[in-house]
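One structure below.
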Amino acid sequence: MIAFNRFKLENGLTVLHHFDPTTPMAVVNTLYDVGARDESEEKTGFAHLFEHLMFGGSVNIPDFDAPLQRAGGESNAFTSNDITNYYDVLPVQNIETALWLESDRMLSLAFTPKSLEVQRNVVIEEFKQRYLNQPYGDVWLELRPLAYKKHPYKWATIGKNIQHIEEATMDDVKAFFKAHYHPANAILCVAGNISLEETKRLVEKWYGDIPASLKPERILPKEPAQTEYRELTIERKVPNDAFYYSFKMPERKSFEYYVTDIISDALGREKSSRLYSKLKKELKLVTSINAYITGSLDEGLLIIDGKLSNGVSFEELDEALWPLLEDIKKERMSEAETSKLLNKIRTVKEFQEQGLLNRAMNLCLYELLGDANGVNEENNLYQSITADHIKTVANQLFTKENTSLLRVKSIKE
Amino acid sequence: MSVRTKQPETKQVDHISFVKPQVFDVTPDVKLLWMKEVPNDTVRLDLFFDAGITRGNKSIPAIVHSLLLSGTNELSSVEIHEQIDALGGFLDTDISFETAVVSIYCLREHIRPISNIVANAIQNLAFRETEVEDVLRSMRQQFAVNQQKVKYVAQQQFRKHLFASNPDYSTISEESDYDEGNVLAYKKYWRQHYLEGLTRITLVGDLEVDEVDALIDLFGKWAVDGKVHHAGGFKFQAERINFPKNDAVQCAIRMGRFLFPKSHPDYIDFQVLNTIFGDYFGSRLMSNIREDKGYTYGIGSGVMDLNQTGYFVIVTEVGKEVLDLTLNEIKLEMERLQNELVAGDELDLVKNYMLGQLLKSADGPYAMLDMYNSVDMYGLTLAFYDEAIQKIKHITPERIRELAKQYLNVEDFLIITAG
């Protein structure tokens, strides 16, 4: 159980407070309700580039990191297709430094041309390091536009291509800040050995005078229901053929989201899972296989990916895979298997709650979904899943028309 | 608004409570370390073996490590994992230069049955032919993928050349290691390094003492006989070697040299120098090469501890066209530390930062056990950290410069580039 308090400032900032007297550290976590899905198709990769710029100095403070380090702390951030999340971890006696820094960059950035120029280069190197200079590194750049035709999930967080990052201008940066970086579009969590009263006093002191703006309305192109089987084969200089089956799945807020998560676990999370034991261990068609979900807030994807054993064709795999998906649609899952999957979830939840940072991030994410207390209800939701739920959802997921298959064909150097 | 330009008052960390785990003697040379105070039902059990990658050739240590849970005469690998999964447990395995670790994560009500499953699986490992083939196939495939990563190539070649004088440490994997299973050699290795190779057990979890005793009974039979010895006195040649990969868009750099073991009197002071140079986001290397020049997504340095010594390494991947410029900037940053005194402001910041990180490293039973283990493994005590606090607080710019002059001469470094 993660206990928390919630209050709101007049300018619209939502604040969560989580008291933990057992740790000498504190966490200040800030979630901005903006991700790659909010970018325009002509300027992709921007939410992520912007995250880098957030460390390039704010209106009153030339350098973000140094004061935090001087306070014994450190900071980082991540951008997804849905959100941008910033966090600071520092000794609790210095927590005011984190609130001072975070509030100033919510107020306004320094917008220096040098910072934009350097971070453009850094992000381009990140693009190369993660997506271009790794075998199979670019598959998500290919898979997303195959699975999504309208919704902005069709591009990756890093962006569609390097040109979009190269072409980012200071005007773009300023407009993005104005639209998305203000109190009403953020959720702040203060966690650690600090009282609610002290949290209120400090947050009011540093965030109270940040001007209010209207929360931007999110009107995203809706992804039309997929009605046809899609496949794409790309050739790459990689050692083995690889496959990525993706299936559209329900949005984050629905109960079916959790059911789909359990289905992916049943198929390919562990070394006792269905696909692993049949396709790898028994039939030896693959050298690796996994099933997982993307965890997206809007309609996401269940992915089955892996690499073929030498001499095995994509068709052989396909013929062996579909009957296993049919099994989970037709046969009621045994009590032993559901209980195995739910036991694993229980262990994971218990370990996740260990860390203060994890707790703070999860509170913010659930607040974004509607109520921070959702984090405390999640395990019960999972535990309420039955074999009937699994069968019903599996029937919605695993149809040919709901499939987008990316094949990576290995070619020699 | 002017209040916003001034940082709120900060206080340096002045006290850290280091908690010593309870220590049980499994044998005179093998300990079990136990941290009992855990505020929830989670348990972690780690089994350490004298089975690191330097204990054998032809990738045998890594292959046997991958085969540990691959089945007995009675149970297949899938059945073993099925049993562990049914109890909600997770297994994790890790292999490094000098140690191999098998870890169990679970809720406390399940630690006994899961431990029994793991003990039985390792004790009665059958090296079934199909399982051996499966593991070799997967490893061969992973090897091929790794060969395409400049980062991996640089790391392997760095190892090969840094440890040139000792074949156990310098021999890197080759594709032929995975061609066909040598089950006799695997069995011999498993008996010697696992069934008689347990070097320590660490445990975090709110258990009863008799449950801990039961774990000692269960795993204690694998305890090594006598003290474990590791190599030292490595020699290498300081040189620059490039491994070309024509279609790469980035080059990986690994450059480093040997230093000293963790017990050396310069160890902590050098950590301060290392932090300033390359071990935090505001380091000289990051500020210059990422935040000023934009040559890389990340660059860092660190000290790697071995039993008898340690080495210092700088790690990065940079745009292919800026490789030489980057190497030159790294050299300039070394020279700056040798020729100029670190400004008081920068040193104060690093001191505060390091103390804050030390506080974080001691936060909670899991972190604290790891922290204790990482000195105890090298024969040191918690006094190491109390001394670290004092040394960090009192180190001077002159001392930093002296260490840089002694240890950061580029001509003493092995430089490997790939890409």
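Naming scheme: A, B, ... for chains in displayed order of the structure tokens; residues 1 onward per chain; ligands 1 onward as shown.
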
Which of range 80-237 of chain B counts as helix (DSSP H, G or I) under DSSP, as JSON, numbers by chain please? {"B": [80, 81, 82, 83, 84, 85, 86, 108, 109, 110, 111, 112, 113, 114, 115, 116, 117, 118, 119, 120, 121, 122, 123, 129, 130, 131, 132, 133, 134, 135, 136, 137, 138, 139, 140, 141, 142, 143, 144, 145, 146, 147, 150, 151, 152, 153, 154, 155, 156, 157, 158, 159, 160, 161, 162, 167, 168, 169, 170, 175, 176, 177, 178, 183, 184, 185, 186, 187, 188, 189, 190, 191, 192, 193, 194, 195, 209, 210, 211, 212, 213, 214, 215, 216, 217, 218, 219, 220]}

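For Tyr152 in chain B, the set of protein, DNA and RNA residues having any atom at most 12 Å away, when counting only C-alpha atoms and skipping those fewer than 4 positions along the same chain, is Asn133, Gln134 and Pro135 of chain A; Gln142, Phe143, Ala144, Val145, Asn146, Gln147, Gln148, Gln156, Gln157, Phe158, Arg159, Ile172, Ser173, Phe243, Cys251, Ala252, Ile253, Arg254, Val315, Thr316, Glu317, Ile416, Thr417, Ala418 and Gly419 of chain B.
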
Residues within 12 Å of Gly137 in chain A, only C-alpha atoms, excluding chain neighbours under 3 positions, as an mmCIF file with C-alpha atoms, in the first residue's frame:
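For reference, part-v1.cif as written:
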```
data_model
loop_
_atom_site.group_PDB
_atom_site.id
_atom_site.type_symbol
_atom_site.label_atom_id
_atom_site.label_comp_id
_atom_site.auth_asym_id
_atom_site.auth_seq_id
_atom_site.Cartn_x
_atom_site.Cartn_y
_atom_site.Cartn_z
ATOM 1 C CA GLU A 126 21.900 8.824 -29.631
ATOM 2 C CA PHE A 127 19.940 8.019 -32.791
ATOM 3 C CA LYS A 128 23.043 6.447 -34.327
ATOM 4 C CA GLN A 129 24.062 4.593 -31.165
ATOM 5 C CA ARG A 130 20.678 3.057 -30.449
ATOM 6 C CA TYR A 131 18.974 2.704 -33.797
ATOM 7 C CA LEU A 132 21.525 2.659 -36.604
ATOM 8 C CA ASN A 133 24.699 1.170 -35.193
ATOM 9 C CA GLN A 134 23.120 -1.940 -33.642
ATOM 10 C CA TRP A 140 10.856 -0.146 -34.373
ATOM 11 C CA LEU A 141 11.341 2.509 -37.007
ATOM 12 C CA GLU A 142 9.864 -0.025 -39.463
ATOM 13 C CA LEU A 143 7.320 -1.805 -37.281
ATOM 14 C CA ARG A 236 19.574 -6.175 -43.257
ATOM 15 C CA LYS A 237 23.142 -7.207 -42.598
ATOM 16 C CA VAL A 238 22.274 -9.126 -39.447
ATOM 17 C CA ALA A 242 14.200 -12.159 -37.038
ATOM 18 C CA VAL A 408 14.098 -9.010 -40.938
ATOM 19 C CA VAL B 145 24.988 -10.422 -32.957
ATOM 20 C CA GLN B 148 28.315 -6.558 -35.113
ATOM 21 C CA LYS B 149 28.370 -4.180 -32.152
#
```

Quick one: residues within 12 Å of Glu377 in chain A, only C-alpha atoms, excluding same-chain residues fewer than 4 positions away - as a PyMOL selection string? chain A and resi 1-2+255+349+363+366+371-373+381-384

Show me which bits of chain B are within 7 Å of chain A, counting only C-alpha atoms, as a PyMOL selection string. chain B and resi 4-5+7-8+10-11+42+78+81-82+85-89+106-107+137-138+144-145+148-149+248-250+282+290-297+319+349+352-357+360+363

Using the selection just defined, write its residues with N, CA and C atoms as a short mmCIF file (atom, residue, chain, number, x, y, z; two decimals), in the first residue's frame.
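Produced file again22.cif, reproduced below:
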```
data_model
loop_
_atom_site.label_atom_id
_atom_site.label_comp_id
_atom_site.auth_asym_id
_atom_site.auth_seq_id
_atom_site.Cartn_x
_atom_site.Cartn_y
_atom_site.Cartn_z
N ARG B 4 14.90 33.65 -7.07
CA ARG B 4 15.08 32.45 -7.91
C ARG B 4 16.50 32.27 -8.42
N THR B 5 17.30 33.32 -8.38
CA THR B 5 18.66 33.17 -8.90
C THR B 5 19.60 32.54 -7.87
N GLN B 7 20.57 29.65 -5.05
CA GLN B 7 20.26 28.29 -4.61
C GLN B 7 19.88 28.28 -3.13
N PRO B 8 18.81 27.57 -2.76
CA PRO B 8 18.47 27.44 -1.33
C PRO B 8 19.66 26.83 -0.59
N THR B 10 22.09 24.51 1.32
CA THR B 10 22.20 23.06 1.33
C THR B 10 23.13 22.63 2.47
N LYS B 11 22.92 21.40 2.91
CA LYS B 11 23.78 20.84 3.96
C LYS B 11 24.49 19.61 3.42
N THR B 42 9.54 -9.33 0.63
CA THR B 42 10.49 -9.72 -0.42
C THR B 42 11.73 -10.39 0.16
N VAL B 78 12.31 -26.91 -18.79
CA VAL B 78 10.98 -26.26 -18.75
C VAL B 78 10.26 -26.63 -17.45
N HIS B 81 11.72 -24.64 -14.49
CA HIS B 81 11.26 -23.25 -14.50
C HIS B 81 9.77 -23.16 -14.19
N GLU B 82 9.02 -24.13 -14.66
CA GLU B 82 7.59 -24.20 -14.37
C GLU B 82 7.36 -24.21 -12.85
N ASP B 85 8.34 -20.78 -11.38
CA ASP B 85 7.34 -19.79 -11.78
C ASP B 85 6.04 -19.97 -11.00
N ALA B 86 5.66 -21.22 -10.76
CA ALA B 86 4.42 -21.47 -10.03
C ALA B 86 4.45 -20.87 -8.64
N LEU B 87 5.65 -20.73 -8.09
CA LEU B 87 5.80 -20.13 -6.76
C LEU B 87 6.09 -18.63 -6.87
N GLY B 88 5.94 -18.09 -8.06
CA GLY B 88 6.13 -16.65 -8.25
C GLY B 88 7.58 -16.21 -8.12
N GLY B 89 8.51 -17.14 -8.28
CA GLY B 89 9.92 -16.77 -8.10
C GLY B 89 10.58 -16.34 -9.39
N CYS B 106 12.03 -13.70 -4.57
CA CYS B 106 10.69 -14.25 -4.34
C CYS B 106 10.08 -13.65 -3.07
N LEU B 107 8.88 -14.09 -2.73
CA LEU B 107 8.27 -13.69 -1.46
C LEU B 107 8.71 -14.69 -0.40
N ARG B 137 23.34 -23.27 -29.42
CA ARG B 137 22.72 -22.58 -30.55
C ARG B 137 22.41 -21.12 -30.19
N SER B 138 21.82 -20.92 -29.01
CA SER B 138 21.49 -19.56 -28.58
C SER B 138 22.74 -18.72 -28.38
N ALA B 144 27.22 -13.98 -32.65
CA ALA B 144 27.20 -13.35 -33.97
C ALA B 144 26.62 -11.94 -33.91
N VAL B 145 25.58 -11.76 -33.11
CA VAL B 145 24.99 -10.42 -32.96
C VAL B 145 26.01 -9.49 -32.32
N GLN B 148 28.70 -7.71 -34.29
CA GLN B 148 28.32 -6.56 -35.11
C GLN B 148 28.25 -5.27 -34.30
N LYS B 149 28.45 -5.38 -32.99
CA LYS B 149 28.37 -4.18 -32.15
C LYS B 149 29.78 -3.68 -31.87
N ALA B 248 30.05 0.85 -39.95
CA ALA B 248 29.64 1.44 -38.67
C ALA B 248 29.51 2.96 -38.81
N VAL B 249 28.52 3.54 -38.13
CA VAL B 249 28.40 5.00 -38.15
C VAL B 249 29.00 5.63 -36.89
N GLN B 250 29.33 4.76 -35.91
CA GLN B 250 30.01 5.27 -34.72
C GLN B 250 31.22 4.39 -34.42
N GLY B 282 28.15 15.80 -14.61
CA GLY B 282 28.85 17.07 -14.79
C GLY B 282 30.36 16.91 -14.93
N ARG B 290 30.42 15.75 -24.49
CA ARG B 290 28.99 15.72 -24.83
C ARG B 290 28.38 17.13 -24.79
N GLU B 291 28.48 17.78 -23.64
CA GLU B 291 27.69 19.01 -23.46
C GLU B 291 28.28 20.23 -24.16
N ASP B 292 29.58 20.22 -24.47
CA ASP B 292 30.12 21.34 -25.23
C ASP B 292 30.23 21.01 -26.71
N LYS B 293 30.75 19.80 -27.03
CA LYS B 293 31.03 19.48 -28.43
C LYS B 293 29.91 18.66 -29.09
N GLY B 294 29.15 17.95 -28.31
CA GLY B 294 28.09 17.12 -28.90
C GLY B 294 28.61 15.95 -29.73
N TYR B 295 29.81 15.44 -29.39
CA TYR B 295 30.38 14.32 -30.16
C TYR B 295 29.74 12.98 -29.82
N THR B 296 29.09 12.88 -28.67
CA THR B 296 28.63 11.57 -28.19
C THR B 296 27.34 11.69 -27.42
N TYR B 297 26.65 10.54 -27.25
CA TYR B 297 25.48 10.49 -26.39
C TYR B 297 25.93 10.32 -24.93
N GLY B 319 30.68 9.68 -32.92
CA GLY B 319 30.54 9.75 -34.37
C GLY B 319 31.88 9.41 -35.01
N LEU B 349 31.61 20.76 -5.04
CA LEU B 349 30.45 20.13 -5.67
C LEU B 349 30.63 18.62 -5.72
N ASN B 352 30.28 16.99 -2.27
CA ASN B 352 28.87 16.88 -1.86
C ASN B 352 28.15 15.79 -2.64
N TYR B 353 28.43 15.77 -3.94
CA TYR B 353 27.78 14.78 -4.80
C TYR B 353 28.16 13.36 -4.36
N MET B 354 29.45 13.14 -4.12
CA MET B 354 29.90 11.79 -3.74
C MET B 354 29.31 11.37 -2.40
N LEU B 355 29.23 12.29 -1.47
CA LEU B 355 28.65 11.95 -0.16
C LEU B 355 27.16 11.65 -0.30
N GLY B 356 26.49 12.41 -1.14
CA GLY B 356 25.06 12.16 -1.40
C GLY B 356 24.86 10.78 -2.01
N GLN B 357 25.74 10.41 -2.94
CA GLN B 357 25.62 9.11 -3.59
C GLN B 357 25.93 7.97 -2.62
N LYS B 360 22.93 7.39 -0.61
CA LYS B 360 21.96 6.64 -1.40
C LYS B 360 22.34 5.16 -1.47
N ASP B 363 21.09 3.12 1.40
CA ASP B 363 19.67 3.30 1.71
C ASP B 363 18.88 2.01 1.50
#
```

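Between CA of Asp88 in chain A and CA of Val173 in chain A lies a distance of 23.2 Å.
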
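When only C-alpha atoms are used to compute distances to Asn185 in chain A, the closest of the residues A:Ser264, A:Asn11, A:Ser410, A:Ser334 turns out to be A:Asn11.
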
DSSP on the backbone: which residues in range 250-374 of chain A end up as strand (DSSP E)? Give the answer as a PyMOL selection string. chain A and resi 286-293+300-308

Name the closest residue to Thr130 in chain B among the candidates B:Gly71, B:Pro28, B:Pro21, B:Gly256; distances are taken between atoms, counting only C-alpha atoms. B:Gly71

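The neighbours of Phe312 in chain B here are the residues that come within 8 Å of it, using only C-alpha atoms and leaving out any residue fewer than 4 positions away in the same chain; they are B:Gly256, B:Arg257, B:Phe258, B:Leu259, B:Ser301, B:Gly302, B:Val303, B:Met304.
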
Just the residues within 12 Å of Ala320 in chain A, please, counting only C-alpha atoms, with nothing from its chain fewer than 3 positions along; format it as a PyMOL selection string. chain A and resi 274-275+278-280+282-286+312-317+323-327

Would you kindly return, as a PyMOL selection string, each protein, DNA or RNA residue with an atom no farther than 7 Å from any atom of range 188-205 of chain A, considering only C-alpha atoms and excluding same-chain residues fewer than 2 positions away? chain A and resi 14-21+23+25-31+92+186+207-208+360+364

Can those selected residues be exported to a file as a PDB file, in the first residue's frame so that it contains N, CA and C atoms?
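Result went into result-v5.pdb, see below:
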```pdb
ATOM      1  N   THR A  14      -0.950  19.812 -10.125  1.00  0.00           N
ATOM      2  CA  THR A  14      -1.346  18.719  -9.240  1.00  0.00           C
ATOM      3  C   THR A  14      -0.117  18.235  -8.482  1.00  0.00           C
ATOM      4  N   VAL A  15      -0.251  18.141  -7.146  1.00  0.00           N
ATOM      5  CA  VAL A  15       0.883  17.727  -6.329  1.00  0.00           C
ATOM      6  C   VAL A  15       0.505  16.478  -5.524  1.00  0.00           C
ATOM      7  N   LEU A  16       1.370  15.483  -5.557  1.00  0.00           N
ATOM      8  CA  LEU A  16       1.202  14.288  -4.739  1.00  0.00           C
ATOM      9  C   LEU A  16       2.315  14.285  -3.702  1.00  0.00           C
ATOM     10  N   HIS A  17       1.949  13.892  -2.490  1.00  0.00           N
ATOM     11  CA  HIS A  17       2.937  13.831  -1.420  1.00  0.00           C
ATOM     12  C   HIS A  17       2.944  12.418  -0.863  1.00  0.00           C
ATOM     13  N   HIS A  18       4.143  11.836  -0.790  1.00  0.00           N
ATOM     14  CA  HIS A  18       4.262  10.468  -0.255  1.00  0.00           C
ATOM     15  C   HIS A  18       5.285  10.494   0.866  1.00  0.00           C
ATOM     16  N   PHE A  19       4.830  10.160   2.069  1.00  0.00           N
ATOM     17  CA  PHE A  19       5.686  10.246   3.257  1.00  0.00           C
ATOM     18  C   PHE A  19       6.364   8.911   3.508  1.00  0.00           C
ATOM     19  N   ASP A  20       7.690   8.926   3.612  1.00  0.00           N
ATOM     20  CA  ASP A  20       8.426   7.709   3.973  1.00  0.00           C
ATOM     21  C   ASP A  20       9.545   8.084   4.940  1.00  0.00           C
ATOM     22  N   PRO A  21       9.322   7.851   6.234  1.00  0.00           N
ATOM     23  CA  PRO A  21      10.319   8.270   7.232  1.00  0.00           C
ATOM     24  C   PRO A  21      11.518   7.339   7.312  1.00  0.00           C
ATOM     25  N   THR A  23      13.745   6.487   4.951  1.00  0.00           N
ATOM     26  CA  THR A  23      14.873   6.723   4.040  1.00  0.00           C
ATOM     27  C   THR A  23      15.455   8.123   4.222  1.00  0.00           C
ATOM     28  N   MET A  25      16.832   9.652   1.791  1.00  0.00           N
ATOM     29  CA  MET A  25      16.782  10.277   0.472  1.00  0.00           C
ATOM     30  C   MET A  25      15.368  10.816   0.195  1.00  0.00           C
ATOM     31  N   ALA A  26      15.299  11.742  -0.754  1.00  0.00           N
ATOM     32  CA  ALA A  26      14.001  12.248  -1.188  1.00  0.00           C
ATOM     33  C   ALA A  26      13.943  12.176  -2.706  1.00  0.00           C
ATOM     34  N   VAL A  27      12.718  12.124  -3.224  1.00  0.00           N
ATOM     35  CA  VAL A  27      12.521  12.134  -4.673  1.00  0.00           C
ATOM     36  C   VAL A  27      11.570  13.260  -5.041  1.00  0.00           C
ATOM     37  N   VAL A  28      11.938  14.011  -6.070  1.00  0.00           N
ATOM     38  CA  VAL A  28      11.018  14.967  -6.678  1.00  0.00           C
ATOM     39  C   VAL A  28      10.808  14.484  -8.105  1.00  0.00           C
ATOM     40  N   ASN A  29       9.596  14.035  -8.392  1.00  0.00           N
ATOM     41  CA  ASN A  29       9.300  13.499  -9.728  1.00  0.00           C
ATOM     42  C   ASN A  29       8.283  14.398 -10.421  1.00  0.00           C
ATOM     43  N   THR A  30       8.567  14.750 -11.668  1.00  0.00           N
ATOM     44  CA  THR A  30       7.655  15.609 -12.417  1.00  0.00           C
ATOM     45  C   THR A  30       7.278  14.936 -13.721  1.00  0.00           C
ATOM     46  N   LEU A  31       5.989  14.683 -13.872  1.00  0.00           N
ATOM     47  CA  LEU A  31       5.501  14.088 -15.113  1.00  0.00           C
ATOM     48  C   LEU A  31       4.823  15.180 -15.927  1.00  0.00           C
ATOM     49  N   VAL A  92      17.351  14.201   1.748  1.00  0.00           N
ATOM     50  CA  VAL A  92      16.097  14.922   2.021  1.00  0.00           C
ATOM     51  C   VAL A  92      16.340  16.318   2.604  1.00  0.00           C
ATOM     52  N   ALA A 186       1.188  19.315 -15.754  1.00  0.00           N
ATOM     53  CA  ALA A 186       2.205  18.560 -15.011  1.00  0.00           C
ATOM     54  C   ALA A 186       1.625  17.932 -13.752  1.00  0.00           C
ATOM     55  N   TYR A 207       6.407  27.119  -6.676  1.00  0.00           N
ATOM     56  CA  TYR A 207       5.570  26.936  -7.870  1.00  0.00           C
ATOM     57  C   TYR A 207       4.380  27.896  -7.898  1.00  0.00           C
ATOM     58  N   GLY A 208       4.063  28.494  -6.718  1.00  0.00           N
ATOM     59  CA  GLY A 208       2.831  29.271  -6.603  1.00  0.00           C
ATOM     60  C   GLY A 208       2.710  30.401  -7.620  1.00  0.00           C
ATOM     61  N   ALA A 360       7.227   7.002  -6.476  1.00  0.00           N
ATOM     62  CA  ALA A 360       6.889   8.368  -6.901  1.00  0.00           C
ATOM     63  C   ALA A 360       6.479   8.403  -8.374  1.00  0.00           C
ATOM     64  N   CYS A 364       2.574   9.267  -9.999  1.00  0.00           N
ATOM     65  CA  CYS A 364       2.325  10.278 -11.038  1.00  0.00           C
ATOM     66  C   CYS A 364       1.640   9.663 -12.251  1.00  0.00           C
TER      67      CYS A 364
END
```

Judged by only C-alpha atoms, the minimum distance to Lys391 in chain A among A:Ile219, A:Leu369, A:Ile304, A:Ile263 is found for A:Ile263

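For the pair CA of Ser66 in chain B and CA of Leu369 in chain B, the interatomic distance is 25.8 Å.
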
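Take the candidates B:Ala164, B:Arg55, B:Ala121, B:Arg399 and check each one against Glu79 in chain B using only C-alpha atoms; the shortest distance goes to B:Ala121.
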
Please identify every residue of range 139-190 of chain A that has at least one atom no farther than 12 Å from an atom of range 228-235 of chain A, counting only C-alpha atoms, and for each give the shortest atom pair and the distance in Å to one decimal, arranged by chain then increasing number, as a tab-separated table.
```
residue	atom	partner	partner_atom	distance
A:Val139	CA	A:Ile234	CA	9.2
A:Leu141	CA	A:Ile234	CA	11.7
A:Glu142	CA	A:Ile234	CA	8.7
A:Leu143	CA	A:Leu232	CA	8.5
A:Arg144	CA	A:Leu232	CA	11.5
A:Pro145	CA	A:Leu232	CA	10.6
A:Leu146	CA	A:Arg230	CA	7.2
A:Ala147	CA	A:Arg230	CA	7.9
A:Tyr148	CA	A:Arg230	CA	10.6
A:Lys149	CA	A:Arg230	CA	11.3
```
